[in-house]
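Visitor: See start16.cif below, with mmCIF, C-alpha atoms.
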```
data_query
#
loop_
_atom_site.label_atom_id
_atom_site.label_comp_id
_atom_site.auth_asym_id
_atom_site.auth_seq_id
_atom_site.Cartn_x
_atom_site.Cartn_y
_atom_site.Cartn_z
CA MET J 139 -12.46 -55.82 17.19
CA THR J 140 -9.70 -57.83 18.85
CA ARG J 141 -9.65 -55.22 21.64
CA GLU J 142 -5.99 -54.44 21.03
CA VAL J 143 -7.04 -50.77 20.82
CA THR J 144 -9.70 -49.19 22.97
CA LEU J 145 -12.76 -47.52 21.48
CA PRO J 146 -11.72 -44.07 22.79
CA GLU J 147 -8.31 -44.49 21.11
CA VAL J 148 -9.99 -45.37 17.81
CA ALA J 149 -12.33 -42.39 18.15
CA SER J 150 -9.41 -40.09 18.86
CA ALA J 151 -7.49 -41.32 15.80
CA HIS J 152 -10.54 -40.83 13.58
CA ALA J 153 -11.13 -37.36 15.02
CA ASP J 154 -7.52 -36.40 14.25
CA ALA J 155 -7.87 -37.68 10.70
CA LEU J 156 -11.10 -35.77 10.19
CA THR J 157 -9.50 -32.62 11.58
CA ALA J 158 -6.71 -32.89 9.01
CA GLN J 159 -9.23 -33.48 6.22
CA ILE J 160 -11.37 -30.55 7.31
CA ARG J 161 -8.34 -28.26 7.44
CA LEU J 162 -7.36 -29.34 3.92
CA LEU J 163 -10.89 -28.84 2.58
CA ARG J 164 -11.16 -25.40 4.18
CA SER J 165 -7.84 -24.44 2.63
CA ARG J 166 -9.01 -25.59 -0.80
CA ARG J 167 -12.30 -23.73 -0.41
CA ALA J 168 -10.47 -20.53 0.52
CA VAL J 169 -8.21 -20.79 -2.53
CA LEU J 170 -11.15 -21.49 -4.84
CA THR J 171 -12.92 -18.44 -3.42
CA VAL J 172 -9.91 -16.25 -4.26
CA ILE J 173 -9.63 -17.77 -7.75
CA ALA J 174 -13.32 -17.17 -8.46
CA ARG J 175 -13.31 -13.65 -7.04
CA ARG J 176 -10.39 -12.43 -9.15
CA GLY J 177 -10.96 -14.59 -12.25
CA ALA J 178 -7.48 -16.11 -11.96
CA THR J 179 -5.69 -17.80 -14.83
CA ALA J 180 -4.56 -21.44 -14.65
CA SER J 181 -1.00 -20.45 -13.72
CA GLU J 182 -2.24 -18.05 -11.03
CA ALA J 183 -4.53 -20.75 -9.65
CA ASP J 184 -1.62 -23.19 -9.44
CA LEU J 185 0.47 -20.65 -7.53
CA LEU J 186 -2.38 -19.90 -5.12
CA HIS J 187 -2.88 -23.60 -4.39
CA ARG J 188 0.84 -24.03 -3.70
CA LEU J 189 0.93 -21.02 -1.37
CA ALA J 190 -2.06 -22.28 0.57
CA GLY J 191 -0.37 -25.65 1.06
CA LEU J 192 2.92 -24.35 2.45
CA ALA J 193 4.01 -25.77 5.78
CA ALA J 194 4.77 -23.39 8.65
CA ARG J 195 8.52 -23.55 7.99
CA GLU J 196 8.03 -22.80 4.31
CA ARG J 197 5.76 -19.87 5.12
CA ARG J 198 8.38 -18.48 7.46
CA ARG J 199 11.09 -18.83 4.80
CA LEU J 200 8.93 -17.01 2.23
CA VAL J 201 8.23 -14.15 4.67
CA ASP J 202 11.88 -13.89 5.72
CA GLU J 203 13.01 -13.68 2.09
CA PHE J 204 10.43 -10.98 1.41
CA LEU J 205 11.44 -8.90 4.44
CA ASP J 206 15.15 -9.42 3.71
CA ALA J 207 14.58 -8.02 0.23
CA ALA J 208 12.96 -4.94 1.76
CA PHE J 209 15.20 -4.32 4.78
CA GLY J 210 18.33 -6.43 4.41
CA GLY J 211 21.57 -4.48 4.84
CA LEU J 212 19.87 -1.43 6.34
CA THR J 213 21.45 -1.02 9.75
CA ASP J 214 19.09 1.54 11.28
CA PRO J 215 17.78 -0.09 14.51
CA GLY J 216 14.30 1.30 13.85
CA PHE J 217 13.82 -1.19 11.02
CA ALA J 218 13.72 -4.15 13.41
CA GLY J 219 10.41 -2.94 14.80
CA ILE J 220 9.05 -2.12 11.35
CA ARG J 221 10.00 -5.59 10.17
CA ARG J 222 8.17 -7.20 13.08
CA SER J 223 5.10 -5.08 12.39
CA LEU J 224 5.01 -6.40 8.81
CA THR J 225 5.39 -10.09 9.73
CA PRO J 226 2.33 -12.32 9.19
CA GLU J 227 1.71 -15.10 11.70
CA LEU J 228 -0.89 -17.51 10.36
CA PRO J 229 -2.50 -19.48 13.22
CA ASP J 230 -2.26 -23.28 13.30
CA ASP J 231 -6.02 -23.49 12.71
CA PRO J 232 -6.88 -20.41 10.63
CA ASP J 233 -10.42 -19.55 9.67
CA ASP J 234 -11.47 -19.10 6.04
CA ALA J 235 -10.82 -15.36 6.02
CA GLN J 236 -7.30 -15.81 7.39
CA THR J 237 -6.49 -18.49 4.83
CA GLU J 238 -7.76 -16.35 1.97
CA ALA J 239 -5.80 -13.37 3.28
CA TRP J 240 -2.61 -15.43 3.67
CA VAL J 241 -2.79 -16.70 0.09
CA GLU J 242 -3.15 -13.20 -1.33
CA LEU J 243 -0.52 -11.78 1.04
CA ALA J 244 1.98 -14.48 0.10
CA GLU J 245 1.38 -13.77 -3.57
CA LEU J 246 2.08 -10.08 -2.92
CA ALA J 247 5.25 -10.96 -1.04
CA LEU J 248 6.52 -12.74 -4.17
CA ASP J 249 5.76 -9.75 -6.43
CA PRO J 250 9.13 -8.29 -7.56
CA GLY J 251 7.59 -4.88 -8.15
CA PHE J 252 6.12 -4.73 -4.68
CA ARG J 253 9.39 -5.87 -3.14
CA ALA J 254 11.28 -3.16 -5.03
CA GLY J 255 8.79 -0.50 -3.97
CA LEU J 256 9.01 -1.45 -0.32
CA ARG J 257 12.80 -1.46 -0.54
CA ARG J 258 12.71 2.02 -2.02
CA LEU J 259 10.52 3.23 0.85
CA ALA J 260 12.92 1.74 3.38
CA GLU J 261 15.94 3.35 1.72
CA GLN J 262 14.16 6.71 1.56
CA HIS J 263 13.27 6.48 5.24
CA ALA J 264 16.88 5.61 6.10
CA ALA J 265 18.10 8.59 4.06
CA ASP J 266 15.65 10.93 5.78
CA ARG J 267 16.77 9.81 9.21
CA GLY J 268 20.40 10.42 8.27
CA GLY J 269 21.65 8.66 11.40
CA ALA J 270 19.73 10.96 13.73
CA GLU J 271 19.00 9.44 17.12
CA GLY J 272 15.44 9.15 18.33
CA VAL J 273 13.77 9.91 14.98
CA ARG J 274 10.90 7.53 14.46
CA ARG J 275 8.30 9.25 12.25
CA ASP J 276 8.54 9.19 8.48
CA VAL J 277 6.98 11.55 5.95
CA VAL J 278 3.75 9.53 5.90
CA ALA J 279 3.32 9.87 9.66
CA VAL J 280 4.04 13.60 9.41
CA VAL J 281 1.46 14.30 6.72
CA ARG J 282 -1.13 12.10 8.41
CA GLU J 283 -0.93 14.11 11.60
CA GLU J 284 -1.14 17.46 9.80
CA VAL J 285 -3.48 16.61 6.93
CA ALA J 286 -6.08 14.37 8.57
CA PRO J 287 -7.82 17.24 10.42
CA ALA J 288 -7.91 19.35 7.24
CA LEU J 289 -9.29 16.44 5.29
CA ALA J 290 -12.00 15.87 7.89
CA ALA J 291 -12.86 19.58 7.78
CA GLY J 292 -13.33 19.46 4.01
CA VAL J 293 -10.36 21.69 3.11
CA GLU J 294 -9.61 21.42 -0.60
CA PRO J 295 -5.93 20.69 -1.31
CA ALA J 296 -5.69 23.39 -4.00
CA SER J 297 -7.42 26.08 -1.90
CA PRO J 298 -5.65 28.87 0.03
CA ALA J 299 -6.89 27.25 3.25
CA ALA J 300 -4.57 24.31 2.51
CA ASP J 301 -1.45 26.50 2.47
CA PRO J 302 -0.81 26.51 6.23
CA VAL J 303 -1.52 22.78 6.45
CA LEU J 304 1.03 21.98 3.77
CA ASP J 305 3.50 24.48 5.25
CA ARG J 306 3.30 22.79 8.66
CA ALA J 307 3.73 19.32 7.15
CA ALA J 308 6.67 20.41 4.99
CA GLY J 309 8.24 22.29 7.91
CA ARG J 310 8.09 19.24 10.14
CA TYR J 311 9.47 17.05 7.39
CA ALA J 312 12.31 19.54 6.82
CA ARG J 313 13.23 19.40 10.49
CA LEU J 314 13.09 15.61 10.43
CA CYS J 315 15.54 15.55 7.51
CA GLY J 316 17.68 18.43 8.74
CA ARG J 317 17.06 20.32 5.48
CA PRO J 318 15.52 23.70 4.58
CA ASP J 319 11.89 23.80 3.46
CA ASP J 320 12.49 24.72 -0.16
CA ALA J 321 11.45 23.50 -3.61
CA GLY J 322 13.97 20.66 -3.45
CA LEU J 323 12.61 19.39 -0.16
CA ARG J 324 9.05 19.48 -1.47
CA ARG J 325 10.07 17.49 -4.55
CA ARG J 326 11.70 15.00 -2.21
CA MET J 327 8.53 14.93 -0.11
CA LEU J 328 6.36 14.32 -3.16
CA ASP J 329 8.60 11.50 -4.36
CA ARG J 330 8.23 9.72 -1.02
CA LEU J 331 4.47 10.21 -0.89
CA ARG J 332 4.10 8.79 -4.39
CA ALA J 333 6.08 5.73 -3.39
CA ALA J 334 3.96 5.27 -0.25
CA ARG J 335 0.77 5.57 -2.31
CA ASP J 336 1.35 2.17 -3.96
CA PRO J 337 -2.02 0.42 -3.52
CA ARG J 338 -0.21 -2.89 -3.03
CA ARG J 339 1.28 -1.55 0.20
CA GLU J 340 -2.13 -0.71 1.60
CA ARG J 341 -3.53 -4.06 0.48
CA TYR J 342 -0.66 -5.86 2.20
CA LEU J 343 -1.47 -4.07 5.47
CA GLU J 344 -5.16 -4.94 5.13
CA LEU J 345 -4.34 -8.61 4.58
CA LEU J 346 -1.77 -8.61 7.38
CA ALA J 347 -4.41 -7.41 9.85
CA VAL J 348 -6.72 -10.28 8.85
CA VAL J 349 -4.00 -12.95 9.05
CA ASN J 350 -2.79 -11.75 12.46
CA GLY J 351 -6.24 -11.08 13.88
CA TRP J 352 -5.53 -7.36 14.32
CA PRO J 353 -8.04 -4.50 14.02
CA PRO J 354 -8.52 -3.31 10.42
CA ALA J 355 -5.68 -1.16 9.17
CA GLU J 356 -6.34 2.55 8.70
CA SER J 357 -6.47 3.59 5.05
CA LEU J 358 -3.90 6.28 4.35
CA ALA J 359 -4.99 6.72 0.73
CA PRO J 360 -7.14 9.84 1.37
CA VAL J 361 -4.34 11.59 3.31
CA LEU J 362 -1.72 10.67 0.72
CA ASP J 363 -3.94 11.72 -2.18
CA TRP J 364 -4.70 15.06 -0.52
CA SER J 365 -1.02 15.74 0.13
CA ILE J 366 0.05 14.80 -3.39
CA ARG J 367 -2.64 17.02 -4.90
CA ALA J 368 -1.66 19.90 -2.61
CA LEU J 369 1.97 19.66 -3.67
CA HIS J 370 1.04 19.44 -7.34
CA ALA J 371 -1.17 22.50 -7.07
CA ARG J 372 1.73 24.61 -5.81
CA GLN J 373 4.64 23.35 -7.88
CA PRO J 374 5.05 22.63 -11.61
CA LEU J 375 6.13 19.06 -10.90
CA ALA J 376 5.83 16.14 -13.29
#
```
Write the structure described by the file as structure tokens, please.

Guide:
Amino acid sequence: MTREVTLPEVASAHADALTAQIRLLRSRRAVLTVIARRGATASEADLLHRLAGLAARERRRLVDEFLDAAFGGLTDPGFAGIRRSLTPELPDDPDDAQTEAWVELAELALDPGFRAGLRRLAEQHAADRGGAEGVRRDVVAVVREEVAPALAAGVEPASPAADPVLDRAAGRYARLCGRPDDAGLRRRMLDRLRAARDPRRERYLELLAVVNGWPPAESLAPVLDWSIRALHARQPLA
């Protein structure tokens, strides 16, 4: 009113304040949606609210701690790329879906069981590589390439038609590890596929794609299930 500030400056300040309020309200709405969808308890709701309100630096620290728990101390250079591919980058102005996905992803990243499972996968992959240069695929990539066509063709995992598919997958995995394709290798293969089948891993990848604005992640559950069933059908494994 005293004309010490121009009308456009006042409008700009109000717009900035409204933007901050809108961002906060959208964040709260996203958290409430997650709480309602899963029927969260009071303690879970409190955690979700805190995760949604983290500043960018705090989000980065949470993600770094999670990835350090999974890959820290593993010197294989291939893990640097894997680590980057698992890093969420929430935009400065996320939409509702990205906020909801971030909250659930951050909760997963704090899950000790999920951290331990991802660490186990990383250690298994490092053991399979055995210091070999140029090896990039892991057992999951191997079975996906061999099993996906059989799955699409309707081949049953316990049928004789599945034998050559499993033999090719196991043979490639044996060469990757530098081991013979024997009962021990197939037990090793099954152990790794079971670890990779953790539904939390697939959910993390789904949420990561939403947060980062990537195309939806491919579900590997059908390929992993087929491979596990095929191995079980041919070996008396627990």

Visitor: Tell me, in Å to one decimal, how far atom CA of J:Ala180 is from atom CA of J:Gly251.

Guide: 21.5 Å

Visitor: Nearest to J:Trp364: which of J:His187, J:Arg341, J:Arg257, J:Arg335 is it, counting only C-alpha atoms?

Guide: J:Arg335

Visitor: Could you check which of J:Leu170, J:Ala194, J:Leu224, J:Leu189 is closest to J:Leu346, using all atoms listed in the file?

Guide: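 Distance minimum relative to J:Leu346 lands on J:Leu224.
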
Visitor: So that I can see what lies close to J:Pro302, please list as a JSON list (two decimals) with C-alpha atoms, keeping the file's coordinate frame the residues with an atom at most 12 Å from it, counting only C-alpha atoms and leaving out residues fewer than 4 positions away in the same chain.

Guide:
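Saved to selection_21.json:
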```json
[["chain", "number", "residue", "atom", "x", "y", "z"],
["J", 284, "GLU", "CA", -1.14, 17.46, 9.80],
["J", 285, "VAL", "CA", -3.48, 16.61, 6.93],
["J", 288, "ALA", "CA", -7.91, 19.35, 7.24],
["J", 293, "VAL", "CA", -10.36, 21.69, 3.11],
["J", 295, "PRO", "CA", -5.93, 20.69, -1.31],
["J", 296, "ALA", "CA", -5.69, 23.39, -4.00],
["J", 297, "SER", "CA", -7.42, 26.08, -1.90],
["J", 298, "PRO", "CA", -5.65, 28.87, 0.03],
["J", 306, "ARG", "CA", 3.30, 22.79, 8.66],
["J", 307, "ALA", "CA", 3.73, 19.32, 7.15],
["J", 308, "ALA", "CA", 6.67, 20.41, 4.99],
["J", 309, "GLY", "CA", 8.24, 22.29, 7.91],
["J", 368, "ALA", "CA", -1.66, 19.90, -2.61]]
```

Visitor: So that I can check the surroundings of J:Gly316, please list as number ranges by chain every protein, DNA and RNA residue that reaches within 9 Å of it, counting all atoms listed in the file and ignoring chain neighbours fewer than 3 positions away.

Guide: J: 266-268, 311-313

Visitor: If the PyMOL selection byres ((chain J and resi 235-247) around 6) were run on this exact file, what residues would it hold? Put them as a ChimeraX atom specification.

Guide: /J:168,189-190,204,232-234,248-249,345,348-349

Visitor: Using the selection just defined, write its residues with C-alpha atoms as a PDB file, in the coordinates of the input.

Guide:
```pdb
ATOM      1  CA  ALA J 168     -10.470 -20.530   0.520  1.00  0.00           C
ATOM      2  CA  LEU J 189       0.930 -21.020  -1.370  1.00  0.00           C
ATOM      3  CA  ALA J 190      -2.060 -22.280   0.570  1.00  0.00           C
ATOM      4  CA  PHE J 204      10.430 -10.980   1.410  1.00  0.00           C
ATOM      5  CA  PRO J 232      -6.880 -20.410  10.630  1.00  0.00           C
ATOM      6  CA  ASP J 233     -10.420 -19.550   9.670  1.00  0.00           C
ATOM      7  CA  ASP J 234     -11.470 -19.100   6.040  1.00  0.00           C
ATOM      8  CA  LEU J 248       6.520 -12.740  -4.170  1.00  0.00           C
ATOM      9  CA  ASP J 249       5.760  -9.750  -6.430  1.00  0.00           C
ATOM     10  CA  LEU J 345      -4.340  -8.610   4.580  1.00  0.00           C
ATOM     11  CA  VAL J 348      -6.720 -10.280   8.850  1.00  0.00           C
ATOM     12  CA  VAL J 349      -4.000 -12.950   9.050  1.00  0.00           C
TER      13      VAL J 349
END
```

Visitor: Considering all atoms listed in the file, state which residue in the set J:Asp363, J:Asp301, J:Glu356, J:Glu196 is at the smallest distance from J:Asp336.

Guide: J:Asp363

Visitor: Kindly resolve the PyMOL selection byres ((chain J and resi 323-328) around 10) on the present coordinates and return the residues as a PyMOL selection string.

Guide: chain J and resi 262+266+277-278+281+304+307-309+311-312+315+317-322+329-334+362+365-370+372-373+375-376

Visitor: Those selected residues, please, written with C-alpha atoms and delivered as a short mmCIF file (atom, residue, chain, number, x, y, z; two decimals), in the frame of the given file.

Guide:
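The result, stored in out_35.cif:
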```cif
data_model
loop_
_atom_site.label_atom_id
_atom_site.label_comp_id
_atom_site.auth_asym_id
_atom_site.auth_seq_id
_atom_site.Cartn_x
_atom_site.Cartn_y
_atom_site.Cartn_z
CA GLN J 262 14.16 6.71 1.56
CA ASP J 266 15.65 10.93 5.78
CA VAL J 277 6.98 11.55 5.95
CA VAL J 278 3.75 9.53 5.90
CA VAL J 281 1.46 14.30 6.72
CA LEU J 304 1.03 21.98 3.77
CA ALA J 307 3.73 19.32 7.15
CA ALA J 308 6.67 20.41 4.99
CA GLY J 309 8.24 22.29 7.91
CA TYR J 311 9.47 17.05 7.39
CA ALA J 312 12.31 19.54 6.82
CA CYS J 315 15.54 15.55 7.51
CA ARG J 317 17.06 20.32 5.48
CA PRO J 318 15.52 23.70 4.58
CA ASP J 319 11.89 23.80 3.46
CA ASP J 320 12.49 24.72 -0.16
CA ALA J 321 11.45 23.50 -3.61
CA GLY J 322 13.97 20.66 -3.45
CA ASP J 329 8.60 11.50 -4.36
CA ARG J 330 8.23 9.72 -1.02
CA LEU J 331 4.47 10.21 -0.89
CA ARG J 332 4.10 8.79 -4.39
CA ALA J 333 6.08 5.73 -3.39
CA ALA J 334 3.96 5.27 -0.25
CA LEU J 362 -1.72 10.67 0.72
CA SER J 365 -1.02 15.74 0.13
CA ILE J 366 0.05 14.80 -3.39
CA ARG J 367 -2.64 17.02 -4.90
CA ALA J 368 -1.66 19.90 -2.61
CA LEU J 369 1.97 19.66 -3.67
CA HIS J 370 1.04 19.44 -7.34
CA ARG J 372 1.73 24.61 -5.81
CA GLN J 373 4.64 23.35 -7.88
CA LEU J 375 6.13 19.06 -10.90
CA ALA J 376 5.83 16.14 -13.29
#
```

Visitor: For the atom pair atom CA of J:Arg199 and atom CA of J:Asn350, what is the interatomic distance in Å to one decimal place?

Guide: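 Interatomic distance, atom CA of J:Arg199 to atom CA of J:Asn350: 17.4 Å.
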
Visitor: Which one of J:Leu228, J:Glu142, J:Arg166, J:Gly210 sits closest to J:Gly191 if you count all atoms listed in the file?

Guide: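 Of J:Leu228, J:Glu142, J:Arg166, J:Gly210, the one nearest J:Gly191 is J:Arg166, counting all atoms listed in the file.
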
Visitor: Hey, what's within 8 Å of J:Glu344 if we count all atoms listed in the file and toss same-chain stuff fewer than 4 positions away? As a ChimeraX atom specification, please?

Guide: /J:340,348,354-355

Visitor: For this structure, which residues satisfy the selection - the PyMOL selection byres ((chain J and resi 215-223) around 9) - when it is evaluated on the file as given? I want them as an MDAnalysis selection string.

Guide: chainID J and resid 205 208:209 212:214 224:226 260 264 273:274

Visitor: Using atom CA of J:Arg339 and atom CA of J:Phe252 as the two end points, give the distance in Å to one decimal.

Guide: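 Atom CA of J:Phe252 lies at a distance of 7.6 Å from atom CA of J:Arg339.
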
Visitor: From the list J:Val361, J:Leu314, J:Ala183, J:Ala265, which residue is nearest J:Glu294 when using only C-alpha atoms?

Guide: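 Comparing J:Val361, J:Leu314, J:Ala183, J:Ala265 against J:Glu294, the winner is J:Val361.
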
Visitor: Report, as AutoDock Vina command-line options, the axis-aligned box around all atoms of stretch 190-195 of chain J present in the file, extended by 5 Å on each side; give centre and edge lengths in Å to one decimal place.

Guide:
```
--center_x 3.2 --center_y -24.0 --center_z 4.6 --size_x 20.6 --size_y 13.5 --size_z 18.1
```
